[in-house]
Protein chains: 2
Amino acid sequence: VSNWTKKMVEQLDREDALASYRDRFSLPDGLIYLDGNSLGVLPRTTAARLDDVIKREWGSDLIRSWNSNDWIRMPQKLGDMIAPLIGADAGEVIVADSTSVNLFKLVAAAKAMRPGRDIILSEEGNFPTDLYVLQGIADMLGEFARYKTVPADQILKAVNSNTAVVSLTHVNYRSGSFHHMQQLTRGIQEKGALVVWDLSHTAGAMPIDLGACNADFAVGCGYKYLNGGPGAPAYLYVAKRHQEQVKPPLSGWMGHKNPFAFDDDYEPASGIDRNLCGTPAILALAALEEGLKTFDGVDLDALRAKSMKLGDLFLDLVERELEIYGIAIACPRRAIERGSQVSLTNPQGYAIMQALIDHGVIGDFRAPDVMRFGFTPLYTRYMDVWNAVQIMMEIMNKDVWKSRRYQIAKAVT
Amino acid sequence: VSNWTKKMVEQLDREDALASYRDRFSLPDGLIYLDGNSLGVLPRTTAARLDDVIKREWGSDLIRSWNSNDWIRMPQKLGDMIAPLIGADAGEVIVADSTSVNLFKLVAAAKAMRPGRDIILSEEGNFPTDLYVLQGIADMLGEFARYKTVPADQILKAVNSNTAVVSLTHVNYRSGSFHHMQQLTRGIQEKGALVVWDLSHTAGAMPIDLGACNADFAVGCGYKYLNGGPGAPAYLYVAKRHQEQVKPPLSGWMGHKNPFAFDDDYEPASGIDRNLCGTPAILALAALEEGLKTFDGVDLDALRAKSMKLGDLFLDLVERELEIYGIAIACPRRAIERGSQVSLTNPQGYAIMQALIDHGVIGDFRAPDVMRFGFTPLYTRYMDVWNAVQIMMEIMNKDVWKSRRYQIAKAVT
């Protein structure tokens with residue numbers, strides 16, 4: 001049993017080399033926000049930036065802003081800001097659409113690059129939208145494709161000469177555990193298939209090196225650890241070596257070689273640009289840019305180290321203080337096997353989480369019984385973790401969660 | 001030749017029953033903006049609304065806003081605001097993604113509803129992204145589908161028992177002419193095919209009645225006449241009678257029957273909701289909502305009447321003052337055959353437009369030689385038209401467009 005005291009935890013905050021980054025965010029007073037894995041908090045600069053984009057760029061410069069304020073290159077510019085967070089090179093990442101739409105583009109395109117193979121493989125319990133998108137692709141392709149899922153530990157075994165593409169999420173949204181990206185990528189590629197990684201719960205929370213992993217494709221979310229705002233645009237990655245082969249079926253005009261020639265015939269742009277589809281959402285892109293700026297100068301290894309330490313502290317305290325109430329750990333106990341979230345279970349998890357939220361500790365709930373707590377090292381303090389557990393102890397000790405109001409509310413991500 | 005005088009045109013503005021709506025917008029002083037068909041101007045309320053959404057809803061309420069500020073229902077709510085502009089019923093329109101992505105969803109879904117038919121038909125010179133998206137669908141479907149285009153006046157003749165779906169744009173982006181929606185829809189349906197209408201250059205500029213036309217499907221853009229801001233979310237329409245049959249291949253979690261059950265298997269929501277894909281872009285939706293509010297209480301017939309009158313005035317003056325410089329009319333001369341834009345041609349159209357923009361008259365250019373001028377009756381004044389033509393006369397008379405700077409700039413929408 002751990003011997004953490006409040007004094008020791010306060011000391012951790014005092015020694016935290018990342019502590020000053022918290023000033024880059026606008027956080028509500030008195031709230032302990034452990035849900036940056038679902039919606040990142042508001043960067044301090046976002047409101048002013050949007051005000052400027054709206055009043056000056058849109059309001060005054062109007063249509064001219066596509067050139068004068070370089071709206072037209074924002075998808076590429078933001079992609080290049082994301083690239084160092086995921087070990088990609090400049091020109092390998094572009095921001096567009098939603099994670100779901102981007103996954104559709106790349107899985108369908110990858111499938112077309114393996115015409116003799118029909119299986120689109122994923123894992124059971126992958127994030128639902130990923131599985132739904134794969135099902136949509138397979139349905140659309142009819143006899144050309146089969147959709148299949150296997151348990152996480154049987155992926156490599158399930159890949160064979162019929163497998164066209166494997167779609168995997170790096171960090172699992174429910175358990176917080178993650179795949180060994182390099183090993184799995186190599187294993188899948190050795191059998192002739194391609195891999196599309198979903199980095200939604202990875203980028204901005206732990207460093208990853210797509211280049212070193214020889215990754216093929218990836219997608220990810222802008223509104224979680226990247227702090228881009230609710231429903232922020234997503235991104236996608238295509239390794240340089242695939243960029244002239246990949247042909248996303250969502251071939252909109254912004255992916256055309258020369259969008260303003262207004263040709264009737266589609267001709268894909270070279271490089272990453274062909275993965276764009278419709279007109280980019282400028283206001284949303286501007287907000288995402290401010291989110292990405294919060295990573296300026298951040299040492300990603302220090303970020304990862306703090307993330308692991310925050311999670312360990314939380315689980316140490318859970319073991320010592322909360323297991324007695326039937327709250328169990330549902331994520332890897334070892335930090336090196338976890339992303340930047342921890343998961344707890346209890347049959348009353350939903351009501352407990354509602355009570356927690358009402359008492360100023362924001363995590364979230366995933367059916368049927370998982371309570372998630374995300375750690376965002378740029379703004380989460382060690383004392384936030386300490387205080388969250390104190391409040392949870394009180395809620396469990398006094399049976400606060402039994403209140404009818406916490407039993408009946410409706411869940412939303 | 002028309003006998004318009006400045007006095008007469010000023011009188012039109014004084015008698016304009018829609019004149020007061022101009023106060024709903026924030027327009028730069030001294031600019032004559034005739035490009036609302038490409039990017040609508042900034043509504044007065046948008047900046048304050050976004051500031052509130054950013055600081056209070058996102059910054060303070062954070063993840064709770066999905067419920068407490070009803071973020072989760074914004075796509076439906078905004079769809080219901082668009083419905084009366086296009087003759088749809090509540091529950092038939094939803095806001096999501098881009099026009100291109102929505103077209104992909106509905107054309108692919110419509111094609112799947114006609115499995116024995118393989119042709120996806122459109123018209124030559126349709127807006128490029130529409131054609132590119134159809135090509136992408138056909139490529140993905142391989143032997144199951146053929147993409148075909150015919151000239152606008154041969155569409156009905158080209159529909160036969162192999163035609164699955166016809167994708168048409170109501171108002172042509174280049175010429176401003178429009179199809180007879182009711183007649184074409186009926187003719188296509190009589191041959192057993194489905195129609196997807198693109199209303200990007202229609203909604204908000206002229207009334208249309210999808211219900212009375214017995215339309216099947218439609219898509220449209222949020223950033224033109226709807227004033228939703230650069231790259232605003234788009235919308236789509238599915239007639240009630242098709243809603244339980246349509247299965248968009250972009251089956252993301254927001255289109256699931258129960259997104260927060262986190263099931264592995266996709267089951268489409270009933271009604272219009274299944275046409276959502278990823279997480280909705282809240283900041284962009286909030287901006288679009290302010291754009292849609294500018295139509296509160298607007299009489300759409302009066303809007304159309306003013307739009308026609310603005311266009312007629314412009315063309316009358318072009319005939320009288322500008323044809324002498326080799327500027328020709330490239331849109332229907334009769335207002336009842338035009339949308340809310342006029343198009344002029346000249347081999348030097350690009351340079352002329354650059355000079356115009358530089359002299360405070362914003363229209364746009366479409367390759368190879370088309371100058372477009374859009375009329376947005378909520379904020380365009382008759383005197384804007386008069387002044388625009390005066391400035392154009394000066395530019396032509398003094399050969400201003402010959403300046404090297406107007407010859408070399410780069411075109412962007």
# chains A, B, ... in the order shown; residues from 1 in each chain; ligands from 1
$ residues_around --residues "Ala108 of chain B" --least-positions-apart "2" --cutoff "8 Å" --atoms "only C-alpha atoms" --output "list in words"
Met140 of chain A; Phe104, Lys105, Leu106, Ala110, Lys111, Ala112, Ile137, Pro248 and Pro249 of chain B
$ write_last_selection --atoms "C-alpha atoms" --output "short mmCIF file (atom, residue, chain, number, x, y, z; two decimals), in the first residue's frame"
data_model
loop_
_atom_site.label_atom_id
_atom_site.label_comp_id
_atom_site.auth_asym_id
_atom_site.auth_seq_id
_atom_site.Cartn_x
_atom_site.Cartn_y
_atom_site.Cartn_z
CA MET A 140 -20.67 -0.43 -49.96
CA PHE B 104 -21.06 11.13 -51.32
CA LYS B 105 -23.36 9.81 -48.59
CA LEU B 106 -26.58 10.34 -50.49
CA ALA B 110 -29.31 6.17 -53.53
CA LYS B 111 -27.24 3.94 -55.79
CA ALA B 112 -27.60 1.11 -53.26
CA ILE B 137 -18.13 6.70 -55.84
CA PRO B 248 -25.22 6.19 -46.08
CA PRO B 249 -21.91 4.31 -46.30
#
$ residues_around --residues "Leu103 of chain A" --least-positions-apart "6" --cutoff "12 Å" --atoms "only C-alpha atoms" --output "short mmCIF file (atom, residue, chain, number, x, y, z; two decimals) with N, CA and C atoms, in the first residue's frame"
data_model
loop_
_atom_site.label_atom_id
_atom_site.label_comp_id
_atom_site.auth_asym_id
_atom_site.auth_seq_id
_atom_site.Cartn_x
_atom_site.Cartn_y
_atom_site.Cartn_z
N ALA A 96 -8.49 17.74 -41.79
CA ALA A 96 -9.71 17.77 -42.60
C ALA A 96 -10.82 16.97 -41.93
N ASP A 97 -12.05 17.39 -42.17
CA ASP A 97 -13.21 16.55 -41.86
C ASP A 97 -13.18 16.01 -40.43
N ALA A 109 -9.23 3.59 -49.36
CA ALA A 109 -8.09 3.74 -50.28
C ALA A 109 -7.08 2.61 -50.11
N ALA A 110 -6.84 2.22 -48.87
CA ALA A 110 -5.91 1.11 -48.60
C ALA A 110 -6.45 -0.19 -49.17
N LYS A 111 -7.73 -0.40 -48.99
CA LYS A 111 -8.37 -1.61 -49.55
C LYS A 111 -8.16 -1.66 -51.07
N THR A 129 -17.09 4.13 -33.59
CA THR A 129 -17.19 4.77 -34.91
C THR A 129 -16.22 4.14 -35.89
N ASP A 130 -15.08 3.67 -35.40
CA ASP A 130 -14.13 3.00 -36.28
C ASP A 130 -14.76 1.73 -36.86
N LEU A 131 -15.38 0.96 -36.00
CA LEU A 131 -16.01 -0.28 -36.47
C LEU A 131 -17.18 0.02 -37.41
N TYR A 132 -17.94 1.03 -37.08
CA TYR A 132 -19.10 1.38 -37.93
C TYR A 132 -18.65 1.82 -39.32
N VAL A 133 -17.58 2.60 -39.35
CA VAL A 133 -17.08 3.08 -40.64
C VAL A 133 -16.60 1.89 -41.49
N LEU A 134 -15.91 0.96 -40.85
CA LEU A 134 -15.45 -0.23 -41.60
C LEU A 134 -16.64 -1.02 -42.13
N GLN A 135 -17.68 -1.14 -41.33
CA GLN A 135 -18.88 -1.85 -41.77
C GLN A 135 -19.51 -1.13 -42.96
N GLY A 136 -19.50 0.20 -42.91
CA GLY A 136 -20.05 0.98 -44.02
C GLY A 136 -19.26 0.77 -45.30
N ILE A 137 -17.93 0.72 -45.18
CA ILE A 137 -17.09 0.47 -46.36
C ILE A 137 -17.37 -0.91 -46.93
N VAL A 165 -6.52 -4.79 -45.34
CA VAL A 165 -6.18 -3.67 -44.47
C VAL A 165 -6.63 -3.98 -43.04
N VAL A 166 -5.81 -3.54 -42.08
CA VAL A 166 -6.14 -3.70 -40.67
C VAL A 166 -6.31 -2.30 -40.08
N SER A 167 -7.43 -2.09 -39.42
CA SER A 167 -7.72 -0.79 -38.81
C SER A 167 -7.70 -0.95 -37.30
N LEU A 168 -6.74 -0.26 -36.67
CA LEU A 168 -6.55 -0.41 -35.23
C LEU A 168 -6.46 0.95 -34.55
N THR A 169 -6.93 0.98 -33.30
CA THR A 169 -6.74 2.19 -32.50
C THR A 169 -5.56 1.93 -31.56
N VAL A 195 -1.87 -1.12 -42.74
CA VAL A 195 -2.47 -0.77 -41.44
C VAL A 195 -2.87 0.70 -41.41
N VAL A 196 -4.03 0.96 -40.82
CA VAL A 196 -4.47 2.33 -40.54
C VAL A 196 -4.61 2.47 -39.02
N TRP A 197 -3.81 3.34 -38.45
CA TRP A 197 -3.84 3.55 -37.00
C TRP A 197 -4.73 4.73 -36.65
N ASP A 198 -5.56 4.55 -35.64
CA ASP A 198 -6.32 5.67 -35.07
C ASP A 198 -5.58 6.16 -33.84
N LEU A 199 -5.15 7.42 -33.89
CA LEU A 199 -4.33 8.00 -32.82
C LEU A 199 -5.12 8.95 -31.92
N SER A 200 -6.44 8.82 -31.95
CA SER A 200 -7.28 9.79 -31.22
C SER A 200 -6.93 9.88 -29.74
N PHE A 217 -0.66 4.38 -42.66
CA PHE A 217 -1.69 5.42 -42.59
C PHE A 217 -2.10 5.63 -41.14
N ALA A 218 -2.61 6.81 -40.86
CA ALA A 218 -3.16 7.07 -39.53
C ALA A 218 -4.22 8.17 -39.62
N VAL A 219 -5.09 8.16 -38.64
CA VAL A 219 -6.08 9.24 -38.48
C VAL A 219 -6.09 9.63 -37.01
N GLY A 220 -6.70 10.75 -36.69
CA GLY A 220 -6.82 11.14 -35.29
C GLY A 220 -7.71 12.34 -35.11
N CYS A 221 -8.00 12.60 -33.87
CA CYS A 221 -9.04 13.53 -33.45
C CYS A 221 -8.43 14.85 -32.98
N ALA A 234 -10.45 16.86 -37.71
CA ALA A 234 -9.54 15.74 -37.46
C ALA A 234 -8.35 15.82 -38.42
N TYR A 235 -7.47 14.84 -38.34
CA TYR A 235 -6.32 14.83 -39.24
C TYR A 235 -6.10 13.44 -39.79
N LEU A 236 -5.28 13.37 -40.80
CA LEU A 236 -4.90 12.07 -41.33
C LEU A 236 -3.45 12.12 -41.77
N TYR A 237 -2.83 10.94 -41.74
CA TYR A 237 -1.42 10.77 -42.09
C TYR A 237 -1.30 9.74 -43.20
N VAL A 238 -0.52 10.07 -44.22
CA VAL A 238 -0.19 9.10 -45.26
C VAL A 238 1.33 9.11 -45.41
N PRO A 248 -8.22 8.36 -52.20
CA PRO A 248 -9.41 8.35 -51.35
C PRO A 248 -10.68 8.51 -52.19
N PRO A 249 -11.69 7.69 -51.92
CA PRO A 249 -12.92 7.76 -52.72
C PRO A 249 -13.67 9.07 -52.51
N LEU A 250 -13.41 9.74 -51.40
CA LEU A 250 -14.04 11.05 -51.17
C LEU A 250 -13.25 12.12 -51.91
N ASN A 275 -5.95 14.19 -50.13
CA ASN A 275 -6.79 13.63 -49.08
C ASN A 275 -7.78 14.63 -48.50
N LEU B 250 -21.11 6.25 -45.07
CA LEU B 250 -20.32 6.91 -44.03
C LEU B 250 -21.06 6.76 -42.70
N SER B 251 -21.05 5.53 -42.21
CA SER B 251 -21.84 5.17 -41.03
C SER B 251 -21.03 5.40 -39.76
N GLY B 252 -20.93 6.65 -39.37
CA GLY B 252 -20.22 6.98 -38.14
C GLY B 252 -21.09 6.87 -36.91
N CYS B 277 -22.35 11.51 -39.31
CA CYS B 277 -21.22 10.59 -39.33
C CYS B 277 -20.40 10.79 -38.05
N GLY B 278 -19.41 11.67 -38.05
CA GLY B 278 -18.59 11.89 -36.87
C GLY B 278 -19.18 12.91 -35.91
#
$ residues_around --residues "segment 256-269 of chain B" --least-positions-apart "5" --cutoff "6 Å" --atoms "only C-alpha atoms" --output "ChimeraX atom specification"
/A:128,132,367 /B:274
$ residues_around --residues "Arg334 of chain B" --least-positions-apart "6" --cutoff "10 Å" --atoms "only C-alpha atoms" --output "list in words"
Ser177, Met308, Gly311, Asp312 and Leu315 of chain B
$ residues_around --residues "Phe314 of chain B" --least-positions-apart "3" --cutoff "9 Å" --atoms "only C-alpha atoms" --output "list in words"
Lys309, Leu310, Gly311, Leu317, Val318, Glu319, Val342, Tyr382, Val385, Trp386, Ala388 and Val389 of chain B
$ closest_residue --among "B:Gly374, B:Gly360, B:Gly326, B:Gly231" --to "Pro75 of chain A" --atoms "only C-alpha atoms"
B:Gly231
$ residues_around --residues "Ser38 of chain B" --least-positions-apart "6" --cutoff "12 Å" --atoms "only C-alpha atoms" --output "ChimeraX atom specification"
/A:62-64,66,279 /B:173-174,200-202,221-232,340-341,362-366,372-376,412-413
$ closest_residue --among "A:Lys148, A:Lys293, A:Arg14, A:Arg117" --to "chain B" --atoms "only C-alpha atoms"
A:Lys148
$ residues_around --residues "Ala83 of chain B" --least-positions-apart "3" --cutoff "12 Å" --atoms "only C-alpha atoms" --output "ChimeraX atom specification"
/B:76-80,86-95,203-204,207-211,218-220,235-239,292,295
$ atom_distance --atom1 "atom CA of Ile391 of chain A" --atom2 "atom CA of Leu322 of chain A"
10.9 Å
$ atom_distance --atom1 "atom CA of Arg22 of chain B" --atom2 "atom CA of Tyr379 of chain B"
4.3 Å
$ select_by_dssp --residues "segment 95-240 of chain A" --states "helix (DSSP H, G or I)" --output "PyMOL selection string"
chain A and resi 99-112+128-144+152-158+181-190+240
$ write_last_selection --atoms "N, CA and C atoms" --output "CSV table (one decimal), in the first residue's frame"
chain,number,residue,atom,x,y,z
A,99,THR,N,-12.7,12.5,-37.8
A,99,THR,CA,-12.0,11.2,-37.7
A,99,THR,C,-12.7,10.1,-38.5
A,100,SER,N,-14.0,10.0,-38.3
A,100,SER,CA,-14.7,9.0,-39.0
A,100,SER,C,-14.6,9.1,-40.5
A,101,VAL,N,-14.8,10.3,-41.0
A,101,VAL,CA,-14.7,10.5,-42.5
A,101,VAL,C,-13.2,10.2,-43.0
A,102,ASN,N,-12.3,10.6,-42.2
A,102,ASN,CA,-10.9,10.4,-42.6
A,102,ASN,C,-10.6,8.9,-42.6
A,103,LEU,N,-11.1,8.2,-41.6
A,103,LEU,CA,-10.9,6.7,-41.6
A,103,LEU,C,-11.5,6.1,-42.8
A,104,PHE,N,-12.7,6.5,-43.2
A,104,PHE,CA,-13.4,6.0,-44.4
A,104,PHE,C,-12.4,6.2,-45.6
A,105,LYS,N,-11.9,7.4,-45.8
A,105,LYS,CA,-11.0,7.7,-46.9
A,105,LYS,C,-9.9,6.7,-47.0
A,106,LEU,N,-9.2,6.6,-45.8
A,106,LEU,CA,-7.9,5.9,-45.9
A,106,LEU,C,-8.1,4.3,-45.9
A,107,VAL,N,-9.1,3.9,-45.2
A,107,VAL,CA,-9.4,2.4,-45.2
A,107,VAL,C,-9.8,2.0,-46.6
A,108,ALA,N,-10.8,2.8,-47.2
A,108,ALA,CA,-11.2,2.5,-48.5
A,108,ALA,C,-10.1,2.6,-49.5
A,109,ALA,N,-9.2,3.6,-49.4
A,109,ALA,CA,-8.1,3.7,-50.3
A,109,ALA,C,-7.1,2.6,-50.1
A,110,ALA,N,-6.8,2.2,-48.9
A,110,ALA,CA,-5.9,1.1,-48.6
A,110,ALA,C,-6.5,-0.2,-49.2
A,111,LYS,N,-7.7,-0.4,-49.0
A,111,LYS,CA,-8.4,-1.6,-49.6
A,111,LYS,C,-8.2,-1.7,-51.1
A,112,ALA,N,-8.3,-0.5,-51.7
A,112,ALA,CA,-8.1,-0.5,-53.2
A,112,ALA,C,-6.7,-0.8,-53.6
A,128,PRO,N,-16.3,2.5,-31.3
A,128,PRO,CA,-17.4,2.2,-32.2
A,128,PRO,C,-17.4,2.9,-33.5
A,129,THR,N,-17.1,4.1,-33.6
A,129,THR,CA,-17.2,4.8,-34.9
A,129,THR,C,-16.2,4.1,-35.9
A,130,ASP,N,-15.1,3.7,-35.4
A,130,ASP,CA,-14.1,3.0,-36.3
A,130,ASP,C,-14.8,1.7,-36.9
A,131,LEU,N,-15.4,1.0,-36.0
A,131,LEU,CA,-16.0,-0.3,-36.5
A,131,LEU,C,-17.2,0.0,-37.4
A,132,TYR,N,-17.9,1.0,-37.1
A,132,TYR,CA,-19.1,1.4,-37.9
A,132,TYR,C,-18.6,1.8,-39.3
A,133,VAL,N,-17.6,2.6,-39.3
A,133,VAL,CA,-17.1,3.1,-40.6
A,133,VAL,C,-16.6,1.9,-41.5
A,134,LEU,N,-15.9,1.0,-40.9
A,134,LEU,CA,-15.4,-0.2,-41.6
A,134,LEU,C,-16.6,-1.0,-42.1
A,135,GLN,N,-17.7,-1.1,-41.3
A,135,GLN,CA,-18.9,-1.8,-41.8
A,135,GLN,C,-19.5,-1.1,-43.0
A,136,GLY,N,-19.5,0.2,-42.9
A,136,GLY,CA,-20.0,1.0,-44.0
A,136,GLY,C,-19.3,0.8,-45.3
A,137,ILE,N,-17.9,0.7,-45.2
A,137,ILE,CA,-17.1,0.5,-46.4
A,137,ILE,C,-17.4,-0.9,-46.9
A,138,ALA,N,-17.4,-1.9,-46.0
A,138,ALA,CA,-17.6,-3.3,-46.5
A,138,ALA,C,-19.0,-3.4,-47.1
A,139,ASP,N,-20.0,-2.8,-46.6
A,139,ASP,CA,-21.4,-2.9,-47.2
A,139,ASP,C,-21.4,-2.2,-48.5
A,140,MET,N,-20.7,-1.1,-48.7
A,140,MET,CA,-20.7,-0.4,-50.0
A,140,MET,C,-19.9,-1.3,-51.0
A,141,LEU,N,-18.9,-1.9,-50.6
A,141,LEU,CA,-18.1,-2.7,-51.6
A,141,LEU,C,-18.7,-4.1,-51.9
A,142,GLY,N,-19.7,-4.5,-51.1
A,142,GLY,CA,-20.4,-5.7,-51.4
A,142,GLY,C,-19.5,-6.9,-51.4
A,143,GLU,N,-19.6,-7.6,-52.5
A,143,GLU,CA,-18.8,-8.9,-52.6
A,143,GLU,C,-17.3,-8.7,-52.7
A,144,PHE,N,-16.9,-7.4,-52.9
A,144,PHE,CA,-15.4,-7.1,-52.9
A,144,PHE,C,-14.8,-7.1,-51.6
A,152,ALA,N,-8.3,-8.5,-29.4
A,152,ALA,CA,-7.1,-7.7,-29.5
A,152,ALA,C,-5.8,-8.6,-29.6
A,153,ASP,N,-5.8,-9.6,-28.8
A,153,ASP,CA,-4.6,-10.4,-28.8
A,153,ASP,C,-4.5,-11.4,-29.9
A,154,GLN,N,-5.5,-11.4,-30.8
A,154,GLN,CA,-5.4,-12.4,-31.9
A,154,GLN,C,-5.3,-11.7,-33.3
A,155,ILE,N,-5.0,-10.4,-33.2
A,155,ILE,CA,-4.9,-9.7,-34.5
A,155,ILE,C,-3.9,-10.3,-35.5
A,156,LEU,N,-2.7,-10.4,-35.0
A,156,LEU,CA,-1.6,-10.8,-35.9
A,156,LEU,C,-1.9,-12.2,-36.4
A,157,LYS,N,-2.4,-13.0,-35.6
A,157,LYS,CA,-2.7,-14.4,-36.0
A,157,LYS,C,-3.8,-14.4,-37.1
A,158,ALA,N,-4.7,-13.4,-37.0
A,158,ALA,CA,-5.8,-13.4,-37.9
A,158,ALA,C,-5.5,-12.8,-39.3
A,181,MET,N,2.9,-0.6,-31.4
A,181,MET,CA,2.6,-0.2,-32.8
A,181,MET,C,3.7,-0.7,-33.8
A,182,GLN,N,4.9,-0.6,-33.4
A,182,GLN,CA,6.0,-1.0,-34.3
A,182,GLN,C,5.9,-2.5,-34.7
A,183,GLN,N,5.7,-3.3,-33.6
A,183,GLN,CA,5.7,-4.8,-33.8
A,183,GLN,C,4.5,-5.2,-34.6
A,184,LEU,N,3.3,-4.6,-34.3
A,184,LEU,CA,2.1,-5.0,-35.0
A,184,LEU,C,2.2,-4.5,-36.5
A,185,THR,N,2.7,-3.3,-36.7
A,185,THR,CA,2.8,-2.8,-38.0
A,185,THR,C,3.7,-3.7,-38.9
A,186,ARG,N,4.8,-4.1,-38.3
A,186,ARG,CA,5.7,-4.9,-39.0
A,186,ARG,C,5.1,-6.3,-39.3
A,187,GLY,N,4.5,-6.9,-38.3
A,187,GLY,CA,3.8,-8.2,-38.5
A,187,GLY,C,2.7,-8.2,-39.5
A,188,ILE,N,2.0,-7.2,-39.5
A,188,ILE,CA,0.9,-7.1,-40.5
A,188,ILE,C,1.4,-6.8,-41.9
A,189,GLN,N,2.4,-6.0,-42.0
A,189,GLN,CA,3.0,-5.7,-43.3
A,189,GLN,C,3.7,-6.9,-43.9
A,190,GLU,N,4.3,-7.7,-43.0
A,190,GLU,CA,5.0,-8.9,-43.5
A,190,GLU,C,4.1,-9.9,-44.2
A,240,LYS,N,4.9,9.1,-46.8
A,240,LYS,CA,5.4,9.6,-48.1
A,240,LYS,C,5.3,8.5,-49.2
$ closest_residue --among "B:Arg73, B:Lys55, B:Arg320, B:Arg404" --to "chain A" --atoms "only C-alpha atoms"
B:Lys55
$ atom_distance --atom1 "atom CA of Gly59 of chain A" --atom2 "atom CA of Ile395 of chain B"
25.9 Å
$ select_by_dssp --residues "segment 95-138 of chain B" --states "strand (DSSP E)" --output "JSON, numbers by chain"
{"B": [95, 96, 119, 120, 121, 122, 123]}
